[in-house]
$ cat my_file30.csv   # CSV, N, CA and C atoms
chain,number,residue,atom,x,y,z
A,1,MET,N,3.0,-10.0,10.7
A,1,MET,CA,3.6,-8.9,10.2
A,1,MET,C,3.8,-7.9,11.4
A,2,THR,N,5.0,-7.4,11.5
A,2,THR,CA,5.3,-6.5,12.6
A,2,THR,C,5.1,-5.1,12.2
A,3,GLU,N,5.1,-4.2,13.2
A,3,GLU,CA,4.9,-2.8,12.9
A,3,GLU,C,6.1,-2.3,12.1
A,4,GLU,N,7.3,-2.8,12.4
A,4,GLU,CA,8.5,-2.4,11.7
A,4,GLU,C,8.5,-2.8,10.2
A,5,THR,N,8.0,-4.0,9.9
A,5,THR,CA,7.8,-4.5,8.5
A,5,THR,C,6.8,-3.6,7.8
A,6,VAL,N,5.7,-3.3,8.4
A,6,VAL,CA,4.7,-2.4,7.8
A,6,VAL,C,5.4,-1.0,7.5
A,7,LYS,N,6.1,-0.5,8.4
A,7,LYS,CA,6.8,0.8,8.1
A,7,LYS,C,7.8,0.7,7.0
A,8,ILE,N,8.6,-0.3,6.9
A,8,ILE,CA,9.6,-0.5,5.9
A,8,ILE,C,8.8,-0.6,4.5
A,9,THR,N,7.8,-1.4,4.5
A,9,THR,CA,7.0,-1.6,3.3
A,9,THR,C,6.4,-0.2,2.8
A,10,GLU,N,5.8,0.5,3.8
A,10,GLU,CA,5.2,1.8,3.5
A,10,GLU,C,6.3,2.7,2.9
A,11,ASN,N,7.4,2.8,3.5
A,11,ASN,CA,8.5,3.7,3.0
A,11,ASN,C,9.0,3.3,1.6
A,12,SER,N,9.1,2.0,1.4
A,12,SER,CA,9.6,1.6,0.1
A,12,SER,C,8.5,1.9,-1.0
A,13,LEU,N,7.3,1.7,-0.7
A,13,LEU,CA,6.2,1.9,-1.7
A,13,LEU,C,6.2,3.5,-1.9
A,14,ASN,N,6.3,4.3,-0.9
A,14,ASN,CA,6.3,5.7,-1.1
A,14,ASN,C,7.5,6.2,-1.9
A,15,GLU,N,8.6,5.6,-1.7
A,15,GLU,CA,9.8,5.9,-2.6
A,15,GLU,C,9.5,5.5,-4.0
A,16,LEU,N,8.9,4.4,-4.3
A,16,LEU,CA,8.6,4.0,-5.6
A,16,LEU,C,7.6,4.9,-6.3
A,17,ILE,N,6.6,5.3,-5.5
A,17,ILE,CA,5.6,6.3,-6.0
A,17,ILE,C,6.2,7.6,-6.4
A,18,ALA,N,7.1,8.1,-5.5
A,18,ALA,CA,7.8,9.4,-5.7
A,18,ALA,C,8.6,9.3,-7.0
A,19,LYS,N,9.4,8.2,-7.2
A,19,LYS,CA,10.2,8.1,-8.4
A,19,LYS,C,9.4,8.0,-9.7
A,20,ALA,N,8.3,7.3,-9.6
A,20,ALA,CA,7.4,7.2,-10.7
A,20,ALA,C,6.8,8.5,-11.1
A,21,VAL,N,6.3,9.3,-10.1
A,21,VAL,CA,5.7,10.6,-10.4
A,21,VAL,C,6.8,11.6,-10.9
A,22,GLU,N,8.0,11.5,-10.4
A,22,GLU,CA,9.1,12.3,-10.8
A,22,GLU,C,9.4,12.1,-12.3
A,23,GLY,N,9.2,10.8,-12.8
A,23,GLY,CA,9.5,10.5,-14.2
A,23,GLY,C,8.2,10.7,-15.0
A,24,GLY,N,7.1,11.2,-14.5
A,24,GLY,CA,5.9,11.4,-15.2
A,24,GLY,C,5.0,10.3,-15.2
A,25,GLY,N,5.2,9.3,-14.3
A,25,GLY,CA,4.3,8.1,-14.3
A,25,GLY,C,3.6,8.0,-13.0
A,26,PHE,N,3.2,6.8,-12.7
A,26,PHE,CA,2.4,6.5,-11.5
A,26,PHE,C,2.5,5.0,-11.3
A,27,VAL,N,2.0,4.6,-10.1
A,27,VAL,CA,2.0,3.2,-9.7
A,27,VAL,C,0.6,2.7,-9.6
A,28,TYR,N,0.3,1.5,-10.1
A,28,TYR,CA,-1.1,1.0,-9.9
A,28,TYR,C,-1.0,-0.1,-8.8
A,29,LEU,N,-2.0,-0.1,-7.9
A,29,LEU,CA,-2.2,-1.1,-7.0
A,29,LEU,C,-3.4,-1.9,-7.5
A,30,MET,N,-3.2,-3.2,-7.7
A,30,MET,CA,-4.2,-4.0,-8.4
A,30,MET,C,-4.4,-5.3,-7.6
A,31,ASP,N,-5.7,-5.8,-7.6
A,31,ASP,CA,-6.0,-7.0,-7.0
A,31,ASP,C,-5.5,-8.2,-7.8
A,32,GLU,N,-4.8,-9.2,-7.2
A,32,GLU,CA,-4.2,-10.3,-7.9
A,32,GLU,C,-5.3,-11.2,-8.6
A,33,ASN,N,-6.5,-11.2,-8.0
A,33,ASN,CA,-7.5,-12.0,-8.5
A,33,ASN,C,-8.0,-11.5,-9.9
A,34,LYS,N,-7.9,-12.3,-10.9
A,34,LYS,CA,-8.2,-12.0,-12.3
A,34,LYS,C,-9.7,-11.6,-12.5
A,35,THR,N,-10.6,-12.1,-11.6
A,35,THR,CA,-12.0,-11.8,-11.8
A,35,THR,C,-12.4,-10.5,-11.1
A,36,ASN,N,-11.6,-9.9,-10.4
A,36,ASN,CA,-11.9,-8.7,-9.6
A,36,ASN,C,-11.3,-7.5,-10.4
A,37,ASP,N,-12.0,-6.5,-10.6
A,37,ASP,CA,-11.6,-5.3,-11.3
A,37,ASP,C,-11.0,-4.2,-10.4
A,38,PHE,N,-10.6,-4.5,-9.2
A,38,PHE,CA,-10.1,-3.5,-8.3
A,38,PHE,C,-8.8,-3.0,-8.8
A,39,CYS,N,-8.6,-1.7,-8.8
A,39,CYS,CA,-7.4,-1.1,-9.3
A,39,CYS,C,-7.4,0.3,-8.8
A,40,ILE,N,-6.3,0.8,-8.3
A,40,ILE,CA,-6.2,2.2,-7.8
A,40,ILE,C,-4.8,2.7,-8.3
A,41,ARG,N,-4.8,4.0,-8.8
A,41,ARG,CA,-3.6,4.6,-9.2
A,41,ARG,C,-3.0,5.4,-8.1
A,42,LEU,N,-1.8,5.2,-7.7
A,42,LEU,CA,-1.1,5.9,-6.6
A,42,LEU,C,-0.2,6.9,-7.2
A,43,THR,N,-0.5,8.2,-6.8
A,43,THR,CA,0.4,9.3,-7.2
A,43,THR,C,0.9,10.2,-6.1
A,44,ARG,N,0.4,9.8,-4.9
A,44,ARG,CA,0.9,10.5,-3.6
A,44,ARG,C,1.3,9.5,-2.6
A,45,PRO,N,2.0,9.9,-1.6
A,45,PRO,CA,2.4,9.0,-0.5
A,45,PRO,C,1.2,8.4,0.1
A,46,ILE,N,1.4,7.2,0.6
A,46,ILE,CA,0.3,6.4,1.2
A,46,ILE,C,0.6,6.1,2.7
A,47,LYS,N,-0.4,5.7,3.4
A,47,LYS,CA,-0.3,5.2,4.8
A,47,LYS,C,-0.8,3.8,4.8
A,48,ILE,N,0.0,2.8,5.3
A,48,ILE,CA,-0.5,1.5,5.4
A,48,ILE,C,-1.0,1.2,6.8
A,49,ARG,N,-2.2,0.6,6.8
A,49,ARG,CA,-2.8,0.1,8.1
A,49,ARG,C,-3.0,-1.3,7.9
A,50,PHE,N,-2.3,-2.1,8.7
A,50,PHE,CA,-2.4,-3.6,8.6
A,50,PHE,C,-3.4,-4.1,9.6
A,51,TYR,N,-4.3,-5.0,9.2
A,51,TYR,CA,-5.2,-5.7,10.0
A,51,TYR,C,-4.9,-7.2,9.9
A,52,GLY,N,-4.6,-7.9,11.0
A,52,GLY,CA,-4.3,-9.3,10.9
A,52,GLY,C,-5.5,-10.2,10.8
A,53,GLY,N,-6.5,-9.8,10.3
A,53,GLY,CA,-7.7,-10.6,10.2
A,53,GLY,C,-8.8,-10.2,11.2
A,54,HIS,N,-9.9,-10.8,11.1
A,54,HIS,CA,-11.0,-10.4,12.0
A,54,HIS,C,-10.8,-10.6,13.5
A,55,LYS,N,-9.8,-11.5,13.8
A,55,LYS,CA,-9.5,-11.7,15.2
A,55,LYS,C,-8.1,-11.2,15.5
A,56,GLY,N,-7.4,-10.7,14.5
A,56,GLY,CA,-6.0,-10.4,14.7
A,56,GLY,C,-5.8,-9.0,15.3
A,57,GLU,N,-4.5,-8.7,15.5
A,57,GLU,CA,-4.2,-7.4,16.0
A,57,GLU,C,-4.1,-6.4,14.9
A,58,SER,N,-4.2,-5.1,15.2
A,58,SER,CA,-4.0,-4.1,14.1
A,58,SER,C,-3.1,-3.1,14.7
A,59,ASN,N,-2.5,-2.3,13.8
A,59,ASN,CA,-1.7,-1.2,14.2
A,59,ASN,C,-2.4,0.2,13.8
A,60,ALA,N,-3.7,0.1,13.7
A,60,ALA,CA,-4.4,1.3,13.3
A,60,ALA,C,-4.3,2.3,14.5
A,61,GLU,N,-4.3,3.6,14.1
A,61,GLU,CA,-4.2,4.6,15.1
A,61,GLU,C,-5.5,5.2,15.5
$ encode --input "my_file30.csv" --output "structure tokens"
Amino acid sequence: MTEETVKITENSLNELIAKAVEGGGFVYLMDENKTNDFCIRLTRPIKIRFYGGHKGESNAE
């Protein structure tokens, strides 16, 4: 995943969040694994930090 891809994804997700909030709703970020109860409601813009694995490169600031 490139830094440009991360930025495009971040911008798209933030647009989705803004449209949902504008309409009185919100976006849920959920783990795809059915046995995990991880879930977070997104109501504000987010910042994505991608880590390419324990030996991978990251774009963290």
$ closest_residue --input "my_file30.csv" --among "A:Asp31, A:Ile17, A:Ile8, A:Met1" --to "A:Arg44" --atoms "all atoms listed in the file"
A:Ile17
$ atom_distance --input "my_file30.csv" --atom1 "atom N of A:Leu13" --atom2 "atom N of A:Phe26"
13.7 Å
$ select_by_dssp --input "my_file30.csv" --residues "chain A" --states "strand (DSSP E or B)" --output "NGL selection string"
:A and (27-30 or 39-42 or 51 or 58)
$ write_last_selection --input "my_file30.csv" --atoms "N, CA and C atoms" --output "PDB file, keeping the file's coordinate frame"
ATOM      1  N   VAL A  27       2.000   4.600 -10.100  1.00  0.00           N
ATOM      2  CA  VAL A  27       2.000   3.200  -9.700  1.00  0.00           C
ATOM      3  C   VAL A  27       0.600   2.700  -9.600  1.00  0.00           C
ATOM      4  N   TYR A  28       0.300   1.500 -10.100  1.00  0.00           N
ATOM      5  CA  TYR A  28      -1.100   1.000  -9.900  1.00  0.00           C
ATOM      6  C   TYR A  28      -1.000  -0.100  -8.800  1.00  0.00           C
ATOM      7  N   LEU A  29      -2.000  -0.100  -7.900  1.00  0.00           N
ATOM      8  CA  LEU A  29      -2.200  -1.100  -7.000  1.00  0.00           C
ATOM      9  C   LEU A  29      -3.400  -1.900  -7.500  1.00  0.00           C
ATOM     10  N   MET A  30      -3.200  -3.200  -7.700  1.00  0.00           N
ATOM     11  CA  MET A  30      -4.200  -4.000  -8.400  1.00  0.00           C
ATOM     12  C   MET A  30      -4.400  -5.300  -7.600  1.00  0.00           C
ATOM     13  N   CYS A  39      -8.600  -1.700  -8.800  1.00  0.00           N
ATOM     14  CA  CYS A  39      -7.400  -1.100  -9.300  1.00  0.00           C
ATOM     15  C   CYS A  39      -7.400   0.300  -8.800  1.00  0.00           C
ATOM     16  N   ILE A  40      -6.300   0.800  -8.300  1.00  0.00           N
ATOM     17  CA  ILE A  40      -6.200   2.200  -7.800  1.00  0.00           C
ATOM     18  C   ILE A  40      -4.800   2.700  -8.300  1.00  0.00           C
ATOM     19  N   ARG A  41      -4.800   4.000  -8.800  1.00  0.00           N
ATOM     20  CA  ARG A  41      -3.600   4.600  -9.200  1.00  0.00           C
ATOM     21  C   ARG A  41      -3.000   5.400  -8.100  1.00  0.00           C
ATOM     22  N   LEU A  42      -1.800   5.200  -7.700  1.00  0.00           N
ATOM     23  CA  LEU A  42      -1.100   5.900  -6.600  1.00  0.00           C
ATOM     24  C   LEU A  42      -0.200   6.900  -7.200  1.00  0.00           C
ATOM     25  N   TYR A  51      -4.300  -5.000   9.200  1.00  0.00           N
ATOM     26  CA  TYR A  51      -5.200  -5.700  10.000  1.00  0.00           C
ATOM     27  C   TYR A  51      -4.900  -7.200   9.900  1.00  0.00           C
ATOM     28  N   SER A  58      -4.200  -5.100  15.200  1.00  0.00           N
ATOM     29  CA  SER A  58      -4.000  -4.100  14.100  1.00  0.00           C
ATOM     30  C   SER A  58      -3.100  -3.100  14.700  1.00  0.00           C
TER      31      SER A  58
END
$ residues_around --input "my_file30.csv" --residues "A:Ala20" --least-positions-apart "6" --cutoff "10 Å" --atoms "only C-alpha atoms" --output "mmCIF file with N, CA and C atoms, in the frame of the given file"
data_model
loop_
_atom_site.group_PDB
_atom_site.id
_atom_site.type_symbol
_atom_site.label_atom_id
_atom_site.label_comp_id
_atom_site.auth_asym_id
_atom_site.auth_seq_id
_atom_site.Cartn_x
_atom_site.Cartn_y
_atom_site.Cartn_z
ATOM 1 N N ASN A 14 6.300 4.300 -0.900
ATOM 2 C CA ASN A 14 6.300 5.700 -1.100
ATOM 3 C C ASN A 14 7.500 6.200 -1.900
ATOM 4 N N PHE A 26 3.200 6.800 -12.700
ATOM 5 C CA PHE A 26 2.400 6.500 -11.500
ATOM 6 C C PHE A 26 2.500 5.000 -11.300
ATOM 7 N N VAL A 27 2.000 4.600 -10.100
ATOM 8 C CA VAL A 27 2.000 3.200 -9.700
ATOM 9 C C VAL A 27 0.600 2.700 -9.600
ATOM 10 N N LEU A 42 -1.800 5.200 -7.700
ATOM 11 C CA LEU A 42 -1.100 5.900 -6.600
ATOM 12 C C LEU A 42 -0.200 6.900 -7.200
ATOM 13 N N THR A 43 -0.500 8.200 -6.800
ATOM 14 C CA THR A 43 0.400 9.300 -7.200
ATOM 15 C C THR A 43 0.900 10.200 -6.100
#
$ atom_distance --input "my_file30.csv" --atom1 "atom CA of A:Glu4" --atom2 "atom CA of A:Ile46"
16.0 Å
$ atom_distance --input "my_file30.csv" --atom1 "atom N of A:Ile40" --atom2 "atom N of A:Tyr28"
6.9 Å
$ closest_residue --input "my_file30.csv" --among "A:Glu22, A:Glu10, A:Leu29, A:Lys34" --to "A:Lys47" --atoms "all atoms listed in the file"
A:Glu10
$ select_by_dssp --input "my_file30.csv" --residues "chain A" --states "helix (DSSP H, G or I)" --output "list in words"
Glu3, Glu4, Thr5, Val6, Lys7, Ile8, Thr9, Glu10, Asn11, Ser12, Leu13, Asn14, Glu15, Leu16, Ile17, Ala18, Lys19, Ala20, Val21 and Glu22 of chain A
$ write_last_selection --input "my_file30.csv" --atoms "N, CA and C atoms" --output "short mmCIF file (atom, residue, chain, number, x, y, z; two decimals), keeping the file's coordinate frame"
data_model
loop_
_atom_site.label_atom_id
_atom_site.label_comp_id
_atom_site.auth_asym_id
_atom_site.auth_seq_id
_atom_site.Cartn_x
_atom_site.Cartn_y
_atom_site.Cartn_z
N GLU A 3 5.10 -4.20 13.20
CA GLU A 3 4.90 -2.80 12.90
C GLU A 3 6.10 -2.30 12.10
N GLU A 4 7.30 -2.80 12.40
CA GLU A 4 8.50 -2.40 11.70
C GLU A 4 8.50 -2.80 10.20
N THR A 5 8.00 -4.00 9.90
CA THR A 5 7.80 -4.50 8.50
C THR A 5 6.80 -3.60 7.80
N VAL A 6 5.70 -3.30 8.40
CA VAL A 6 4.70 -2.40 7.80
C VAL A 6 5.40 -1.00 7.50
N LYS A 7 6.10 -0.50 8.40
CA LYS A 7 6.80 0.80 8.10
C LYS A 7 7.80 0.70 7.00
N ILE A 8 8.60 -0.30 6.90
CA ILE A 8 9.60 -0.50 5.90
C ILE A 8 8.80 -0.60 4.50
N THR A 9 7.80 -1.40 4.50
CA THR A 9 7.00 -1.60 3.30
C THR A 9 6.40 -0.20 2.80
N GLU A 10 5.80 0.50 3.80
CA GLU A 10 5.20 1.80 3.50
C GLU A 10 6.30 2.70 2.90
N ASN A 11 7.40 2.80 3.50
CA ASN A 11 8.50 3.70 3.00
C ASN A 11 9.00 3.30 1.60
N SER A 12 9.10 2.00 1.40
CA SER A 12 9.60 1.60 0.10
C SER A 12 8.50 1.90 -1.00
N LEU A 13 7.30 1.70 -0.70
CA LEU A 13 6.20 1.90 -1.70
C LEU A 13 6.20 3.50 -1.90
N ASN A 14 6.30 4.30 -0.90
CA ASN A 14 6.30 5.70 -1.10
C ASN A 14 7.50 6.20 -1.90
N GLU A 15 8.60 5.60 -1.70
CA GLU A 15 9.80 5.90 -2.60
C GLU A 15 9.50 5.50 -4.00
N LEU A 16 8.90 4.40 -4.30
CA LEU A 16 8.60 4.00 -5.60
C LEU A 16 7.60 4.90 -6.30
N ILE A 17 6.60 5.30 -5.50
CA ILE A 17 5.60 6.30 -6.00
C ILE A 17 6.20 7.60 -6.40
N ALA A 18 7.10 8.10 -5.50
CA ALA A 18 7.80 9.40 -5.70
C ALA A 18 8.60 9.30 -7.00
N LYS A 19 9.40 8.20 -7.20
CA LYS A 19 10.20 8.10 -8.40
C LYS A 19 9.40 8.00 -9.70
N ALA A 20 8.30 7.30 -9.60
CA ALA A 20 7.40 7.20 -10.70
C ALA A 20 6.80 8.50 -11.10
N VAL A 21 6.30 9.30 -10.10
CA VAL A 21 5.70 10.60 -10.40
C VAL A 21 6.80 11.60 -10.90
N GLU A 22 8.00 11.50 -10.40
CA GLU A 22 9.10 12.30 -10.80
C GLU A 22 9.40 12.10 -12.30
#
$ closest_residue --input "my_file30.csv" --among "A:Gly23, A:Ile48, A:Thr35, A:Met30" --to "A:Lys7" --atoms "only C-alpha atoms"
A:Ile48
$ closest_residue --input "my_file30.csv" --among "A:Pro45, A:Glu32, A:Glu3, A:Cys39" --to "A:Lys19" --atoms "only C-alpha atoms"
A:Pro45
